[in-house]
>>> print(open('start29.txt').read())   # compact mmCIF, C-alpha atoms
# COMPACT_ATOMS: atom_id res chain seq x y z
CA MET N 243 0.00 0.00 0.00
CA SER N 244 1.29 3.37 -0.86
CA GLU N 245 2.13 5.83 1.81
CA GLU N 246 1.44 8.90 -0.23
CA PHE N 247 -1.14 11.61 0.10
CA LYS N 248 -2.05 14.82 -1.60
CA ILE N 249 -1.17 18.37 -0.66
CA GLU N 250 -2.52 21.61 -1.99
CA ILE N 251 -1.22 24.99 -0.98
CA VAL N 252 -3.42 27.90 -1.95
CA ASN N 253 -2.77 31.57 -1.53
CA PRO N 254 -5.35 34.24 -2.32
CA GLU N 255 -3.88 34.92 -5.73
CA LYS N 256 -3.49 31.40 -7.02
CA SER N 257 -3.04 27.77 -6.31
CA PHE N 258 0.53 27.83 -5.12
CA LEU N 259 1.49 24.17 -5.13
CA VAL N 260 -0.21 20.85 -5.79
CA LYS N 261 1.52 17.54 -5.18
CA ASP N 262 0.16 14.06 -4.88
CA ASP N 263 3.19 12.03 -3.93
CA VAL N 264 3.79 13.45 -0.48
CA LEU N 265 5.13 11.21 2.24
CA GLU N 266 5.25 13.58 5.15
CA VAL N 267 4.59 17.24 5.86
CA VAL N 268 5.91 19.11 8.86
CA ILE N 269 3.86 22.19 9.58
CA PRO N 270 4.55 24.96 12.06
CA ALA N 271 1.17 24.71 13.77
CA PHE N 272 0.12 27.23 16.33
CA GLU N 273 0.78 24.97 19.27
CA GLY N 274 4.03 23.56 18.00
CA GLU N 275 5.41 21.73 15.03
CA MET N 276 3.31 18.91 13.75
CA GLY N 277 4.15 16.10 11.39
CA ILE N 278 1.41 14.78 9.17
CA LEU N 279 1.53 11.34 7.61
CA LYS N 280 -0.98 9.43 5.57
CA ASP N 281 -4.28 8.56 7.27
CA HIS N 282 -3.93 11.24 9.86
CA ILE N 283 -7.21 12.06 11.61
CA SER N 284 -9.19 14.93 10.09
CA ILE N 285 -7.82 18.08 11.61
CA ILE N 286 -8.10 21.83 11.36
CA SER N 287 -5.40 24.01 12.77
CA PHE N 288 -3.65 27.22 11.99
CA LEU N 289 -0.09 28.20 11.42
CA LYS N 290 2.37 30.48 13.05
CA PRO N 291 5.36 31.89 11.17
CA GLY N 292 7.80 29.12 10.48
CA ILE N 293 9.19 26.62 8.05
CA LEU N 294 6.93 24.22 6.25
CA LYS N 295 8.65 21.05 5.14
CA ILE N 296 7.29 18.76 2.48
CA LEU N 297 8.91 15.37 2.02
CA SER N 298 7.83 13.69 -1.15
CA LYS N 299 8.95 11.05 -3.62
CA SER N 300 9.92 13.71 -6.12
CA GLY N 301 12.17 15.54 -3.69
CA ASP N 302 11.94 17.54 -0.51
CA GLU N 303 10.96 21.17 -0.39
CA SER N 304 10.89 23.81 2.31
CA PHE N 305 8.81 26.95 2.48
CA TYR N 306 8.64 29.94 4.73
CA VAL N 307 5.06 30.75 5.78
CA GLU N 308 3.76 33.61 7.88
CA ASP N 309 0.26 32.49 8.61
CA GLY N 310 -2.43 30.19 7.36
CA ILE N 311 -4.99 27.54 8.03
CA VAL N 312 -4.46 23.82 7.66
CA GLU N 313 -7.15 21.31 6.92
CA PHE N 314 -6.53 17.61 6.61
CA LYS N 315 -9.33 15.37 5.46
CA ASN N 316 -9.50 12.09 3.53
CA ASN N 317 -5.78 12.22 2.85
CA ASN N 318 -6.05 15.67 1.37
CA LEU N 319 -4.01 18.34 3.04
CA SER N 320 -5.08 21.89 2.22
CA ILE N 321 -3.07 24.82 3.40
CA LEU N 322 -4.47 28.30 2.98
CA THR N 323 -1.89 30.98 3.47
CA SER N 324 -1.52 34.60 2.50
CA THR N 325 2.27 34.74 2.64
CA ILE N 326 4.44 31.90 1.47
CA TYR N 327 7.92 31.78 -0.04
CA LYS N 328 9.91 28.88 -1.26
CA LEU N 329 13.09 28.82 0.76
CA THR N 330 15.34 28.59 -2.28
CA ASP N 331 13.65 31.66 -3.75
CA LEU N 332 13.98 33.66 -0.58
CA ASP N 333 17.25 35.48 -1.04
CA LYS N 334 19.07 37.67 1.44
CA SER N 335 17.52 40.97 0.45
CA LYS N 336 13.96 39.65 0.54
CA GLN N 337 14.62 38.10 3.87
CA GLN N 338 16.06 41.32 5.24
CA ASN N 339 13.02 43.17 3.97
CA LEU N 340 10.63 40.86 5.75
CA LEU N 341 12.70 41.07 8.88
CA LYS N 342 12.64 44.86 8.78
CA LEU N 343 8.86 44.90 8.36
CA ALA N 344 8.45 42.51 11.24
CA GLU N 345 10.70 44.53 13.48
CA GLU N 346 8.81 47.70 12.69
CA GLU N 347 5.62 45.91 13.61
CA ALA N 348 7.15 44.68 16.84
CA ASN N 349 8.08 48.22 17.85
CA LYS N 350 4.48 49.34 17.79
CA GLN N 351 3.07 49.81 21.25
CA ASP N 352 -0.57 49.06 20.70
CA ILE N 353 -0.54 45.41 19.74
CA ASN N 354 -1.97 42.64 21.83
CA ASP N 355 -0.10 39.73 23.33
CA GLN N 356 -1.06 37.24 20.69
CA SER N 357 0.16 39.30 17.79
CA ARG N 358 3.30 40.16 19.74
CA TYR N 359 3.94 36.46 20.19
CA LEU N 360 3.45 35.87 16.47
CA ILE N 361 5.75 38.71 15.52
CA ASP N 362 8.48 37.57 17.88
CA GLN N 363 8.15 34.16 16.38
CA LYS N 364 8.44 35.61 12.92
CA ILE N 365 11.59 37.53 13.79
CA ASP N 366 13.15 34.44 15.34
CA VAL N 367 12.45 32.35 12.27
CA LEU N 368 13.72 34.98 9.87
CA LYS N 369 16.90 35.41 11.89
CA SER N 370 17.48 31.68 12.02
CA LEU N 371 17.44 31.50 8.23
CA ASN N 372 20.71 33.39 8.00
CA MET C 147 -24.70 73.61 -44.68
CA ALA C 148 -21.22 73.12 -43.32
CA SER C 149 -18.45 73.92 -45.72
CA LEU C 150 -16.28 71.24 -47.24
CA ASP C 151 -13.39 72.17 -45.01
CA ASP C 152 -15.46 71.89 -41.85
CA LEU C 153 -16.70 68.46 -42.89
CA LYS C 154 -13.19 67.30 -43.60
CA LYS C 155 -12.04 68.43 -40.17
CA ARG C 156 -14.93 66.70 -38.47
CA ILE C 157 -14.27 63.45 -40.27
CA ALA C 158 -10.64 63.61 -39.25
CA SER C 159 -11.52 64.26 -35.61
CA VAL C 160 -14.09 61.48 -35.42
CA LYS C 161 -11.58 59.14 -36.99
CA SER C 162 -8.97 59.93 -34.39
CA THR C 163 -11.51 59.44 -31.63
CA GLN C 164 -12.30 56.09 -33.14
CA LYS C 165 -8.64 55.20 -33.03
CA ILE C 166 -8.52 56.02 -29.35
CA THR C 167 -11.59 54.00 -28.45
CA LYS C 168 -10.32 51.11 -30.49
CA ALA C 169 -7.01 51.16 -28.68
CA MET C 170 -8.78 51.35 -25.33
CA LYS C 171 -10.87 48.37 -26.28
CA MET C 172 -7.79 46.33 -27.09
CA VAL C 173 -6.13 47.29 -23.84
CA ALA C 174 -9.28 46.43 -21.90
CA ALA C 175 -9.49 43.08 -23.66
CA ALA C 176 -5.93 42.22 -22.74
CA LYS C 177 -6.42 43.33 -19.16
CA LEU C 178 -9.72 41.50 -18.96
CA ARG C 179 -8.06 38.22 -19.75
CA ARG C 180 -5.56 38.72 -17.00
CA ALA C 181 -8.21 39.86 -14.53
CA GLN C 182 -10.40 36.91 -15.38
CA GLU C 183 -7.52 34.54 -14.91
CA SER C 184 -6.68 35.88 -11.50
CA ALA C 185 -10.34 35.85 -10.51
CA GLU C 186 -10.46 32.18 -11.40
CA LYS C 187 -7.21 31.44 -9.64
CA GLY C 188 -8.42 33.20 -6.54
CA ARG C 189 -11.55 31.14 -6.32
CA PRO C 190 -10.16 27.99 -4.63
CA TYR C 191 -8.91 30.02 -1.70
CA SER C 192 -12.21 31.63 -0.87
CA GLU C 193 -14.10 28.41 -1.50
CA LYS C 194 -11.86 26.44 0.82
CA MET C 195 -12.07 29.18 3.40
CA ASN C 196 -15.84 29.10 3.21
CA ASN C 197 -15.89 25.35 3.60
CA ILE C 198 -13.72 25.38 6.65
CA ILE C 199 -15.80 28.08 8.27
CA LEU C 200 -18.95 26.14 7.49
CA ASN C 201 -17.51 23.06 9.12
CA LEU C 202 -16.34 25.03 12.09
CA SER C 203 -19.48 26.97 12.73
CA SER C 204 -21.64 23.88 12.53
CA GLY C 205 -19.36 22.25 15.05
CA ILE C 206 -19.37 25.11 17.47
CA SER C 207 -20.96 24.01 20.68
CA ASP C 208 -22.24 27.06 22.38
CA LYS C 209 -23.74 29.72 20.19
CA GLU C 210 -23.90 32.31 22.93
CA ASN C 211 -20.18 32.72 23.12
CA ALA C 212 -19.54 32.53 19.41
CA PRO C 213 -17.19 35.22 18.12
CA LYS C 214 -18.94 38.48 17.43
CA LEU C 215 -17.84 38.53 13.82
CA LEU C 216 -19.99 35.45 13.31
CA SER C 217 -22.98 36.16 15.50
CA GLY C 218 -23.05 39.92 15.22
CA SER C 219 -22.97 42.48 17.98
CA GLY C 220 -26.56 41.79 18.93
CA ASN C 221 -27.73 45.10 17.58
CA ASP C 222 -28.93 46.16 14.17
CA LYS C 223 -28.59 49.90 14.33
CA VAL C 224 -25.53 51.15 12.54
CA HIS C 225 -24.85 49.84 9.07
CA LEU C 226 -21.47 50.13 7.42
CA CYS C 227 -21.47 49.93 3.65
CA VAL C 228 -18.27 49.34 1.73
CA VAL C 229 -18.89 50.52 -1.80
CA MET C 230 -16.27 49.20 -4.19
CA THR C 231 -15.86 50.97 -7.50
CA SER C 232 -13.09 51.60 -9.98
CA ASP C 233 -10.51 54.35 -10.04
CA ARG C 234 -10.97 55.10 -13.71
CA GLY C 235 -13.90 56.14 -15.79
CA LEU C 236 -14.93 55.34 -19.35
CA CYS C 237 -16.25 51.95 -18.46
CA GLY C 238 -19.90 52.21 -19.33
CA GLY C 239 -22.41 51.65 -16.60
CA PHE C 240 -19.98 49.85 -14.35
CA ASN C 241 -19.71 52.43 -11.58
CA SER C 242 -23.19 53.84 -11.84
CA ASN C 243 -24.71 50.37 -11.51
CA ILE C 244 -22.96 49.80 -8.21
CA ILE C 245 -23.86 53.27 -7.00
CA LYS C 246 -27.48 52.78 -7.99
CA LYS C 247 -27.65 49.52 -6.07
CA ALA C 248 -25.97 51.12 -3.08
CA LYS C 249 -28.22 54.17 -3.15
CA ASN C 250 -31.33 52.00 -3.18
CA TYR C 251 -29.99 50.19 -0.16
CA PHE C 252 -29.17 53.47 1.58
CA ALA C 253 -32.70 54.72 0.98
CA LYS C 254 -34.10 51.55 2.49
CA LEU C 255 -31.87 51.93 5.53
CA ALA C 256 -32.94 55.53 5.95
CA LYS C 257 -36.58 54.50 5.81
CA ASP C 258 -36.02 51.88 8.48
CA GLY C 259 -34.36 54.48 10.67
CA LYS C 260 -30.93 52.88 10.66
CA GLU C 261 -27.75 54.82 10.93
CA LEU C 262 -25.49 54.72 7.89
CA LYS C 263 -21.73 54.84 7.49
CA ILE C 264 -19.94 54.50 4.20
CA ILE C 265 -16.45 53.48 3.18
CA THR C 266 -15.71 53.98 -0.48
CA VAL C 267 -13.07 51.97 -2.24
CA GLY C 268 -12.06 53.51 -5.55
CA SER C 269 -12.24 57.18 -6.35
CA LYS C 270 -15.14 57.04 -8.81
CA GLY C 271 -17.56 55.85 -6.16
CA ASN C 272 -16.39 58.56 -3.84
CA ASP C 273 -16.98 61.20 -6.52
CA GLN C 274 -20.51 60.05 -7.12
CA LEU C 275 -21.51 59.57 -3.51
CA LYS C 276 -19.94 62.56 -1.84
CA ARG C 277 -22.55 65.01 -3.01
CA ALA C 278 -25.55 63.20 -1.56
CA TYR C 279 -23.91 61.27 1.26
CA GLY C 280 -20.76 63.29 1.94
CA ASP C 281 -21.37 63.47 5.67
CA LYS C 282 -21.80 59.70 5.88
CA ILE C 283 -18.52 58.76 4.25
CA ILE C 284 -16.06 57.90 6.96
CA ALA C 285 -13.20 56.81 4.76
CA ASN C 286 -12.14 56.71 1.17
CA ILE C 287 -9.55 54.23 0.01
CA SER C 288 -8.10 54.12 -3.44
CA PHE C 289 -5.48 51.86 -4.93
CA LYS C 290 -4.45 53.89 -7.90
CA GLU C 291 -0.83 52.85 -7.49
CA SER C 292 -1.37 49.10 -7.58
CA LYS C 293 -1.69 47.70 -11.05
CA HIS C 294 -3.62 44.58 -10.15
CA ALA C 295 -5.98 43.76 -7.36
CA ASN C 296 -3.74 42.21 -4.74
CA TYR C 297 -4.37 40.60 -1.42
CA PHE C 298 -2.27 43.12 0.46
CA ASP C 299 -4.67 45.92 -0.46
CA ALA C 300 -7.70 43.84 0.39
CA ASP C 301 -6.17 43.02 3.73
CA LYS C 302 -5.78 46.73 4.45
CA VAL C 303 -9.48 47.31 3.87
CA GLY C 304 -10.35 44.21 5.86
CA LYS C 305 -8.23 45.24 8.84
CA MET C 306 -9.83 48.65 8.83
CA VAL C 307 -13.32 47.14 8.84
CA ILE C 308 -12.44 44.78 11.66
CA GLU C 309 -10.86 47.54 13.68
CA LYS C 310 -13.99 49.62 13.38
CA PHE C 311 -16.12 46.64 14.31
CA GLY C 312 -13.93 46.05 17.33
CA ALA C 313 -14.44 49.65 18.36
CA GLU C 314 -18.20 49.04 18.03
CA GLU C 315 -18.62 51.69 15.40
CA PHE C 316 -21.15 49.61 13.47
CA ASP C 317 -23.26 46.46 13.75
CA VAL C 318 -23.74 45.23 10.21
CA CYS C 319 -21.33 45.45 7.31
CA THR C 320 -22.26 45.06 3.66
CA ILE C 321 -20.00 45.24 0.64
CA PHE C 322 -21.11 46.39 -2.79
CA TYR C 323 -19.39 45.22 -5.93
CA ASN C 324 -20.04 43.98 -9.44
CA GLN C 325 -20.03 40.29 -9.99
CA PHE C 326 -18.52 39.27 -13.27
CA LYS C 327 -20.81 37.06 -15.30
CA ASN C 328 -19.52 37.65 -18.77
CA VAL C 329 -18.21 40.51 -20.86
CA ILE C 330 -21.60 42.11 -21.39
CA THR C 331 -23.23 41.22 -18.09
CA GLN C 332 -22.07 42.33 -14.70
CA ILE C 333 -24.38 41.99 -11.77
CA PRO C 334 -24.16 44.50 -8.96
CA GLN C 335 -24.05 42.63 -5.67
CA ALA C 336 -24.68 43.47 -2.06
CA GLN C 337 -23.06 40.97 0.25
CA GLN C 338 -23.26 41.05 4.01
CA ILE C 339 -19.96 40.10 5.61
CA ILE C 340 -20.56 41.02 9.25
CA PRO C 341 -22.25 39.18 10.83
CA LEU C 342 -21.41 36.36 8.52
CA ASN C 343 -24.28 34.70 6.76
CA VAL C 344 -23.67 31.02 7.22
CA GLU C 345 -25.99 29.33 4.83
CA ASN C 346 -26.68 25.79 5.83
CA SER C 347 -26.08 24.31 2.46
CA GLU C 348 -27.70 20.93 2.32
CA GLU C 349 -25.27 19.23 0.01
CA GLU C 350 -22.25 19.91 2.17
CA LYS C 351 -23.29 18.32 5.41
CA SER C 352 -20.04 16.94 6.63
CA GLU C 353 -20.58 14.05 8.91
CA ASP C 354 -16.97 13.48 9.77
CA ARG C 355 -15.70 15.17 12.85
CA TYR C 356 -12.59 17.21 12.85
CA GLU C 357 -9.89 17.38 15.39
CA PHE C 358 -9.21 20.97 16.34
CA GLU C 359 -5.98 22.34 17.55
CA PRO C 360 -6.36 24.72 19.36
CA ASP C 361 -10.11 24.53 20.03
CA GLU C 362 -12.89 25.62 17.68
CA ASP C 363 -13.48 29.00 19.22
CA GLU C 364 -9.89 30.04 18.95
CA ILE C 365 -9.54 28.87 15.38
CA LEU C 366 -12.76 30.55 14.44
CA SER C 367 -11.82 33.85 16.01
CA ASN C 368 -8.55 33.66 14.12
CA LEU C 369 -10.16 32.65 10.88
CA LEU C 370 -13.03 35.11 10.71
CA PRO C 371 -10.93 38.26 10.29
CA LYS C 372 -9.05 36.50 7.52
CA ASN C 373 -12.32 35.59 5.93
CA ILE C 374 -13.35 39.25 5.84
CA SER C 375 -10.19 40.12 3.95
CA THR C 376 -10.71 37.15 1.67
CA GLN C 377 -14.26 38.20 0.87
CA ILE C 378 -13.11 41.73 0.15
CA PHE C 379 -10.32 40.38 -2.02
CA LYS C 380 -12.78 38.24 -3.91
CA ALA C 381 -14.96 41.28 -4.45
CA MET C 382 -11.95 43.22 -5.69
CA LEU C 383 -11.06 40.49 -8.17
CA GLU C 384 -14.62 40.25 -9.45
CA ASN C 385 -14.74 44.00 -9.66
CA SER C 386 -11.58 44.33 -11.69
CA ALA C 387 -12.72 41.70 -14.15
CA SER C 388 -16.10 43.41 -14.40
CA GLU C 389 -14.50 46.80 -14.88
CA GLN C 390 -12.42 45.62 -17.81
CA GLY C 391 -15.35 43.74 -19.32
CA SER C 392 -17.59 46.72 -19.00
CA ARG C 393 -14.96 49.01 -20.48
CA MET C 394 -14.38 46.65 -23.33
CA SER C 395 -18.01 46.56 -24.37
CA ALA C 396 -18.40 50.30 -23.85
CA MET C 397 -15.39 50.98 -26.06
CA ASP C 398 -16.62 48.50 -28.63
CA ASN C 399 -19.87 50.42 -28.86
CA ALA C 400 -18.06 53.70 -29.07
CA THR C 401 -15.88 52.43 -31.90
CA ARG C 402 -18.91 51.25 -33.80
CA ASN C 403 -20.74 54.53 -33.28
CA ALA C 404 -17.71 56.46 -34.46
CA GLY C 405 -17.62 54.28 -37.58
CA GLU C 406 -21.26 55.06 -38.32
CA MET C 407 -20.61 58.72 -37.83
CA VAL C 408 -17.65 58.67 -40.19
CA ASP C 409 -19.80 56.97 -42.84
CA LYS C 410 -22.53 59.55 -42.48
CA LEU C 411 -20.12 62.44 -42.61
CA THR C 412 -18.33 61.00 -45.63
CA ILE C 413 -21.60 60.77 -47.55
CA GLU C 414 -22.43 64.33 -46.64
CA TYR C 415 -18.95 65.40 -47.67
CA ASN C 416 -19.20 63.68 -51.03
CA ARG C 417 -22.63 65.10 -51.66
CA SER C 418 -21.60 68.65 -51.01
CA ARG C 419 -18.45 68.18 -53.08
CA GLN C 420 -20.61 66.93 -55.93
CA ALA C 421 -23.02 69.82 -55.44
CA ALA C 422 -20.15 72.29 -55.64
CA ILE C 423 -18.88 70.74 -58.88
CA THR C 424 -22.36 70.77 -60.39
CA LYS C 425 -22.77 74.36 -59.39
CA GLU C 426 -19.50 75.32 -61.04
CA LEU C 427 -20.43 73.46 -64.22
CA ILE C 428 -23.75 75.24 -64.41
CA GLU C 429 -21.97 78.53 -63.98
CA ILE C 430 -19.48 77.73 -66.76
CA ILE C 431 -22.18 76.49 -69.14
CA SER C 432 -24.48 79.39 -68.55
CA GLY C 433 -21.49 81.70 -68.93
CA ALA C 434 -20.63 80.10 -72.28
CA GLU C 435 -24.23 80.30 -73.44
CA SER C 436 -24.48 83.96 -72.80
CA LEU C 437 -21.59 84.68 -75.12
>>> encode(input="start29.txt", output="structure tokens")
Amino acid sequence: MSEEFKIEIVNPEKSFLVKDDVLEVVIPAFEGEMGILKDHISIISFLKPGILKILSKSGDESFYVEDGIVEFKNNNLSILTSTIYKLTDLDKSKQQNLLKLAEEEANKQDINDQSRYLIDQKIDVLKSLN
Amino acid sequence: MASLDDLKKRIASVKSTQKITKAMKMVAAAKLRRAQESAEKGRPYSEKMNNIILNLSSGISDKENAPKLLSGSGNDKVHLCVVMTSDRGLCGGFNSNIIKKAKNYFAKLAKDGKELKIITVGSKGNDQLKRAYGDKIIANISFKESKHANYFDADKVGKMVIEKFGAEEFDVCTIFYNQFKNVITQIPQAQQIIPLNVENSEEEKSEDRYEFEPDEDEILSNLLPKNISTQIFKAMLENSASEQGSRMSAMDNATRNAGEMVDKLTIEYNRSRQAAITKELIEIISGAESL
């Protein structure tokens, strides 16, 4: 029996990635990293900024995501995200840009604890990419 | 009767107008294709989002404590209307159709004694509404700089709406936009986004239970603001496709009308040229006869 399942990543502008030979996906879920294999129970969760890893037969890929919602059902993994970059496409200057934006956001006084947590997370991830 | 010279000038000017409208039509056609493509590409996102929300809200246990974005603030007094129009003119009835729809709705609200607040997106809507409803407009947003409808812009509008809802500035929010059906038909739409209308669609009754991490309420309260932005983005995409479609057919008509006008003027020009020649001949002949 095959151990593969299907993944679809959608952002508001287009369908970002579709693959149907995925073996495992590691997602930065809100309450910690989560690995998803075939026949996982149906789940809905959302993402925090982090690295999304896709391990598939046709090669492994990593993406940087800022937010999103994950739905897994009948061996279909859907990820809705507004900001996603393939790690290999994310060069230094882009990364610095994102980091600068995040730091500006973090310096604002009037944000609540949850968004502060998310922004700190974002900064940590972006720094760790260096 | 206009002189030959005048006619010639008019023909030339109508012809150059025709050239302009023709070029605008081509540009609109090219842009329309792109806009349509991105509207189609954007559809899976909003559909999936809708599905997840449907699943979530049907699974939510206690309706009393449901997030306010879903259940509403409990009042129905202040209505916020987001009227989305284009930034450019010359697109037929595109803007006025939205405005007409919105104005009807405003009149109904006024009759029911509700308070009205307006946010206009796109400068054309602002121009048309500010005379009658200037005091009601609380914000005007325009994305003249961005070439295509993008999510970032939609998110800005969405955040603003949510912020105002959080500050209890309104109870119900409705967006107005044109839904793209085909090049000649665009349907003005009024869609309520706060509180969210969860239609209990019969065909999509998911029996399987989901695991939620964290719990439903938290996911839902995180998801709903995103959904607002998504809905606004969808409206923006539909709107931009509609705008180009509407402009294309308007410019097509204009080109055809200009062609008819050129034909008419050319006939008139030829007639009067002929008349002048005939007149000259008569003069020559009668001059020769009198000798």
>>> interface_residues(input="start29.txt", of="chain N", to="chain C", cutoff="9 Å", atoms="all atoms listed in the file", output="list of chain:residue names")
N:Val252, N:Asn253, N:Pro254, N:Glu255, N:Lys256, N:Ser257, N:Ala271, N:Phe272, N:Glu273, N:Ile283, N:Ser284, N:Ile285, N:Ile286, N:Ser287, N:Phe288, N:Gly310, N:Ile311, N:Glu313, N:Phe314, N:Lys315, N:Ser320, N:Leu322, N:Thr323, N:Ser324
>>> residues_around(input="start29.txt", residues="Ile361 in chain N", least_positions_apart="4", cutoff="10 Å", atoms="all atoms listed in the file", output="PDB file with C-alpha atoms, in the coordinates of the input")
ATOM      1  CA  LYS N 290       2.370  30.480  13.050  1.00  0.00           C
ATOM      2  CA  PRO N 291       5.360  31.890  11.170  1.00  0.00           C
ATOM      3  CA  GLU N 308       3.760  33.610   7.880  1.00  0.00           C
ATOM      4  CA  LEU N 341      12.700  41.070   8.880  1.00  0.00           C
ATOM      5  CA  LEU N 343       8.860  44.900   8.360  1.00  0.00           C
ATOM      6  CA  ALA N 344       8.450  42.510  11.240  1.00  0.00           C
ATOM      7  CA  GLU N 345      10.700  44.530  13.480  1.00  0.00           C
ATOM      8  CA  GLU N 346       8.810  47.700  12.690  1.00  0.00           C
ATOM      9  CA  GLU N 347       5.620  45.910  13.610  1.00  0.00           C
ATOM     10  CA  ALA N 348       7.150  44.680  16.840  1.00  0.00           C
ATOM     11  CA  ASP N 355      -0.100  39.730  23.330  1.00  0.00           C
ATOM     12  CA  GLN N 356      -1.060  37.240  20.690  1.00  0.00           C
ATOM     13  CA  SER N 357       0.160  39.300  17.790  1.00  0.00           C
ATOM     14  CA  ILE N 365      11.590  37.530  13.790  1.00  0.00           C
ATOM     15  CA  ASP N 366      13.150  34.440  15.340  1.00  0.00           C
ATOM     16  CA  VAL N 367      12.450  32.350  12.270  1.00  0.00           C
TER      17      VAL N 367
END
>>> atom_distance(input="start29.txt", atom1="CA of Asp309 in chain N", atom2="CA of Ala300 in chain C")
16.1 Å
>>> residues_around(input="start29.txt", residues="Leu332 in chain N", least_positions_apart="4", cutoff="12 Å", atoms="only C-alpha atoms", output="list in words")
Ser304, Phe305, Tyr306, Val307, Ile326, Tyr327, Lys328, Lys336, Gln337, Gln338, Asn339, Leu340, Leu368, Leu371 and Asn372 of chain N
>>> residues_around(input="start29.txt", residues="Phe311 in chain C", least_positions_apart="4", cutoff="10 Å", atoms="only C-alpha atoms", output="list in words")
Lys214, Leu215, Gly218, Ser219, Leu226, Lys305, Met306, Val307, Glu315, Phe316, Asp317, Val318, Cys319 and Ile340 of chain C
>>> residues_around(input="start29.txt", residues="Ile251 in chain N", least_positions_apart="2", cutoff="6 Å", atoms="all atoms listed in the file", output="list of chain:residue names")
N:Phe258, N:Leu259, N:Ser320, N:Ile321
>>> write_last_selection(input="start29.txt", atoms="C-alpha atoms", output="PDB file, keeping the file's coordinate frame")
ATOM      1  CA  PHE N 258       0.530  27.830  -5.120  1.00  0.00           C
ATOM      2  CA  LEU N 259       1.490  24.170  -5.130  1.00  0.00           C
ATOM      3  CA  SER N 320      -5.080  21.890   2.220  1.00  0.00           C
ATOM      4  CA  ILE N 321      -3.070  24.820   3.400  1.00  0.00           C
TER       5      ILE N 321
END
>>> residues_around(input="start29.txt", residues="Glu266 in chain N", least_positions_apart="6", cutoff="7 Å", atoms="only C-alpha atoms", output="ChimeraX atom specification")
/N:277-279,296-298
>>> atom_distance(input="start29.txt", atom1="CA of Val303 in chain C", atom2="CA of Lys177 in chain C")
23.6 Å
>>> atom_distance(input="start29.txt", atom1="CA of Val267 in chain C", atom2="CA of Ile378 in chain C")
10.5 Å
>>> closest_residue(input="start29.txt", among="N:Glu250, N:Asp263, N:Glu245, N:Asp281", to="Asn317 in chain N", atoms="all atoms listed in the file")
N:Asp281
